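Visitor: Below you will find the structure I want to go over with you.
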Amino acid sequence: MRVQALRNRGNGRARFGWALLLVALALLSLPAVAGDNIRIGYVDMKRLFDNAPQVVAARQALDLEFRPRNESLLADEARLERLHQNLAERQDLDAESRFEMEREIRNLRRSIDRRREDLSEELRFRTNAEKKALEETVEVAVRQVAEQGAYDLILTSPVAYVSASIDITTQVLDWLEDDFLTQDARNRR
């Protein structure tokens with residue numbers, strides 16, 4: 001079974017290697033087909049999604065929206081810890097009081113776990129929705145910068161290597177910054 005899994009992993013690498021070879025050959029043949037003036041650009045998508053003002057603003061908005069619920073959970077977790085300590089320290093409790101305290105601890109733990117799971121799921125859903133909306137904006141930004149710079153091909157991360165001379169990530173970030181400021185100005189009117 002393990003040998004088969006290793007073979008399958010090797011096959012995946014081989015297929016990836018062949019795919020890279022085909023892409024490289026296609027890129028090498030572009031100058032022959034389209035002339036010698038092919039312009040290639042590169043966009044670091046991780047840097048873009050870490051630094052784009054739209055992403056930063058969405059992250060801050062989600063933080064503001066979910067912070068009260070998270071703080072409530074943290075307060076309940078602190079309360080739960082105090083209940084645990086109180087139960088451990090109180091050796092003088094009768095069986096019924098100990099049972100009631102243990103039940104309160106169990107119920108609070110369940111409540112915390114359920115609310116934390118709900119919060120996590122809702123945050124994941126909202127983050128994905130925001131990311132989807134921002135992907136469209138980023139796609140427009142990359143297309144606009146490529147058209148303005150007369151690029152024939154734009155590569156996005158991950159790539160094995162890229163020269164800084166073809167990295168247009170800063171230009172795309174500048175476009176996104178301008179767009180963000182324009183949208184912000186419109187929203188304030």
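Going by the structure tokens order, chains are called A, B, ..., each with residues numbered from 1, while ligands are numbered from 1 in the order shown.
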List as a PDB file with C-alpha atoms, in the first residue's frame the protein and nucleic acid residues near Thr127 (chain A), meaning an atom at most 10 Å away when only C-alpha atoms are counted, but skip any in the same chain fewer than 5 places from it.
Guide:
```pdb
ATOM      1  CA  ALA A  58     -12.100  43.891   4.463  1.00  0.00           C
ATOM      2  CA  ARG A  59      -9.920  42.252   7.119  1.00  0.00           C
ATOM      3  CA  LEU A  62     -14.448  41.477   9.601  1.00  0.00           C
ATOM      4  CA  GLU A 121     -17.655  28.638  10.336  1.00  0.00           C
ATOM      5  CA  GLU A 122     -19.308  32.020   9.852  1.00  0.00           C
ATOM      6  CA  LYS A 132     -14.224  36.095  -3.975  1.00  0.00           C
ATOM      7  CA  ALA A 133     -15.384  39.693  -4.394  1.00  0.00           C
TER       8      ALA A 133
END
```
Visitor: If you run DSSP over the backbone, which residues in chain A end up helix (DSSP H, G or I)? Put them as a ChimeraX atom specification.
Guide: /A:2-34,45-51,53-89,95-148,164-166,169-188
Visitor: Okay, now the selection with C-alpha atoms, as a compact mmCIF listing (two decimals), in the first residue's frame?
Guide:
```
# COMPACT_ATOMS: atom_id res chain seq x y z
CA ARG A 2 2.80 2.41 0.94
CA VAL A 3 4.74 1.60 -2.20
CA GLN A 4 1.67 2.37 -4.33
CA ALA A 5 1.19 5.70 -2.52
CA LEU A 6 4.84 6.59 -3.16
CA ARG A 7 4.47 5.63 -6.83
CA ASN A 8 1.33 7.75 -7.13
CA ARG A 9 3.14 10.69 -5.56
CA GLY A 10 6.00 10.18 -8.00
CA ASN A 11 3.57 10.07 -10.92
CA GLY A 12 2.09 13.38 -9.79
CA ARG A 13 5.55 14.92 -9.74
CA ALA A 14 6.30 13.50 -13.16
CA ARG A 15 3.04 14.93 -14.55
CA PHE A 16 3.84 18.31 -12.97
CA GLY A 17 7.33 18.17 -14.49
CA TRP A 18 5.89 17.43 -17.93
CA ALA A 19 3.38 20.24 -17.54
CA LEU A 20 6.18 22.66 -16.64
CA LEU A 21 8.20 21.47 -19.62
CA LEU A 22 5.23 22.04 -21.95
CA VAL A 23 4.67 25.54 -20.54
CA ALA A 24 8.38 26.33 -20.95
CA LEU A 25 8.35 25.10 -24.55
CA ALA A 26 5.22 27.15 -25.28
CA LEU A 27 6.87 30.24 -23.81
CA LEU A 28 10.03 29.64 -25.84
CA SER A 29 8.00 29.32 -29.04
CA LEU A 30 6.10 32.59 -28.46
CA PRO A 31 8.82 34.83 -29.95
CA ALA A 32 8.90 32.72 -33.11
CA VAL A 33 5.14 33.04 -33.53
CA ALA A 34 4.55 36.62 -32.45
CA MET A 45 -0.49 37.17 -5.64
CA LYS A 46 0.47 36.54 -2.01
CA ARG A 47 1.97 40.01 -1.72
CA LEU A 48 -1.08 41.42 -3.47
CA PHE A 49 -3.56 39.75 -1.12
CA ASP A 50 -1.47 40.70 1.91
CA ASN A 51 -1.13 44.39 1.00
CA PRO A 53 -5.98 48.21 0.58
CA GLN A 54 -9.26 46.47 -0.28
CA VAL A 55 -8.04 43.33 1.49
CA VAL A 56 -6.78 45.28 4.49
CA ALA A 57 -10.10 47.13 4.77
CA ALA A 58 -12.10 43.89 4.46
CA ARG A 59 -9.92 42.25 7.12
CA GLN A 60 -10.48 45.21 9.47
CA ALA A 61 -14.24 45.20 8.84
CA LEU A 62 -14.45 41.48 9.60
CA ASP A 63 -12.37 41.99 12.72
CA LEU A 64 -14.72 44.73 13.94
CA GLU A 65 -17.76 42.60 13.15
CA PHE A 66 -16.54 39.43 14.86
CA ARG A 67 -14.55 40.94 17.74
CA PRO A 68 -17.50 41.24 20.21
CA ARG A 69 -18.43 37.60 19.77
CA ASN A 70 -14.82 36.52 20.14
CA GLU A 71 -14.39 38.63 23.27
CA SER A 72 -17.54 37.07 24.72
CA LEU A 73 -16.08 33.63 24.10
CA LEU A 74 -12.81 34.63 25.74
CA ALA A 75 -14.71 35.92 28.78
CA ASP A 76 -16.62 32.64 29.04
CA GLU A 77 -13.39 30.66 28.73
CA ALA A 78 -11.91 32.69 31.60
CA ARG A 79 -15.08 32.02 33.61
CA LEU A 80 -14.75 28.31 32.82
CA GLU A 81 -11.15 28.32 34.03
CA ARG A 82 -12.22 30.01 37.29
CA LEU A 83 -14.94 27.38 37.77
CA HIS A 84 -12.38 24.60 37.24
CA GLN A 85 -10.04 26.19 39.78
CA ASN A 86 -12.86 26.74 42.24
CA LEU A 87 -13.95 23.11 41.94
CA ALA A 88 -10.38 21.88 42.47
CA GLU A 89 -9.87 24.12 45.50
CA ALA A 95 -21.78 15.50 46.53
CA GLU A 96 -24.82 17.40 45.25
CA SER A 97 -23.02 20.77 45.14
CA ARG A 98 -20.01 19.16 43.42
CA PHE A 99 -22.35 17.53 40.87
CA GLU A 100 -24.08 20.87 40.17
CA MET A 101 -20.75 22.64 39.71
CA GLU A 102 -19.48 19.90 37.38
CA ARG A 103 -22.71 20.12 35.37
CA GLU A 104 -22.32 23.90 35.08
CA ILE A 105 -18.74 23.38 33.87
CA ARG A 106 -19.86 20.77 31.29
CA ASN A 107 -22.68 22.97 30.00
CA LEU A 108 -20.43 26.01 29.74
CA ARG A 109 -17.77 23.96 27.89
CA ARG A 110 -20.39 22.71 25.41
CA SER A 111 -21.72 26.22 24.90
CA ILE A 112 -18.23 27.58 24.31
CA ASP A 113 -17.35 24.79 21.89
CA ARG A 114 -20.59 25.21 19.92
CA ARG A 115 -20.30 29.01 19.75
CA ARG A 116 -16.61 28.84 18.78
CA GLU A 117 -17.43 26.38 15.98
CA ASP A 118 -20.30 28.58 14.76
CA LEU A 119 -18.11 31.67 14.88
CA SER A 120 -15.30 29.93 13.03
CA GLU A 121 -17.65 28.64 10.34
CA GLU A 122 -19.31 32.02 9.85
CA LEU A 123 -15.95 33.79 9.73
CA ARG A 124 -14.66 31.30 7.17
CA PHE A 125 -17.80 31.80 5.06
CA ARG A 126 -17.58 35.60 5.22
CA THR A 127 -13.83 35.57 4.53
CA ASN A 128 -14.35 33.42 1.44
CA ALA A 129 -17.16 35.71 0.23
CA GLU A 130 -14.95 38.79 0.69
CA LYS A 131 -12.04 37.06 -1.01
CA LYS A 132 -14.22 36.09 -3.98
CA ALA A 133 -15.38 39.69 -4.39
CA LEU A 134 -11.80 40.95 -4.13
CA GLU A 135 -10.50 38.39 -6.63
CA GLU A 136 -12.63 40.04 -9.30
CA THR A 137 -11.18 43.46 -8.44
CA VAL A 138 -7.64 42.06 -8.49
CA GLU A 139 -8.29 40.44 -11.86
CA VAL A 140 -9.45 43.78 -13.27
CA ALA A 141 -6.39 45.50 -11.79
CA VAL A 142 -3.98 42.99 -13.30
CA ARG A 143 -5.72 43.21 -16.68
CA GLN A 144 -5.67 47.04 -16.63
CA VAL A 145 -1.98 47.23 -15.68
CA ALA A 146 -1.13 44.60 -18.33
CA GLU A 147 -3.03 46.50 -21.03
CA GLN A 148 -1.53 49.85 -20.02
CA ALA A 164 12.55 41.54 -10.38
CA SER A 165 12.66 43.27 -13.77
CA ILE A 166 9.33 41.74 -14.81
CA THR A 169 3.10 43.67 -8.38
CA THR A 170 3.83 47.21 -7.17
CA GLN A 171 2.06 48.70 -10.19
CA VAL A 172 -0.99 46.50 -9.54
CA LEU A 173 -0.94 47.54 -5.86
CA ASP A 174 -0.79 51.18 -6.94
CA TRP A 175 -3.79 50.62 -9.23
CA LEU A 176 -5.69 48.97 -6.37
CA GLU A 177 -4.77 51.86 -4.05
CA ASP A 178 -6.10 54.41 -6.55
CA ASP A 179 -9.27 52.37 -7.04
CA PHE A 180 -9.73 52.05 -3.28
CA LEU A 181 -9.33 55.79 -2.74
CA THR A 182 -11.77 56.51 -5.58
CA GLN A 183 -14.35 54.11 -4.16
CA ASP A 184 -13.85 55.52 -0.66
CA ALA A 185 -14.35 59.08 -1.93
CA ARG A 186 -17.56 58.02 -3.72
CA ASN A 187 -18.87 56.32 -0.57
CA ARG A 188 -18.27 59.45 1.53
```
Visitor: Between CA of Thr156 (chain A) and CA of Val43 (chain A), what is the spacing in Å?
Guide: 4.8 Å
Visitor: Please identify the strand (DSSP E or B) residues within region 6-188 of chain A (assignment by DSSP from backbone atoms) and present them as a list in words.
Guide: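 Assigned to strand (DSSP E or B), within region 6-188 of chain A: Ile40, Gly41, Tyr42, Val43, Leu153, Ile154, Leu155, Thr156 and Asp167 of chain A.
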Visitor: For CA of Pro158 (chain A) and CA of Gly41 (chain A), determine how far apart the two atoms are, in Å to one decimal place.
Guide: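 Separation of CA of Pro158 (chain A) and CA of Gly41 (chain A): 13.4 Å.
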Visitor: How many Å lie between CA of Asp152 (chain A) and CA of Arg39 (chain A), rounded to one decimal?
Guide: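 The value is 5.2 Å.
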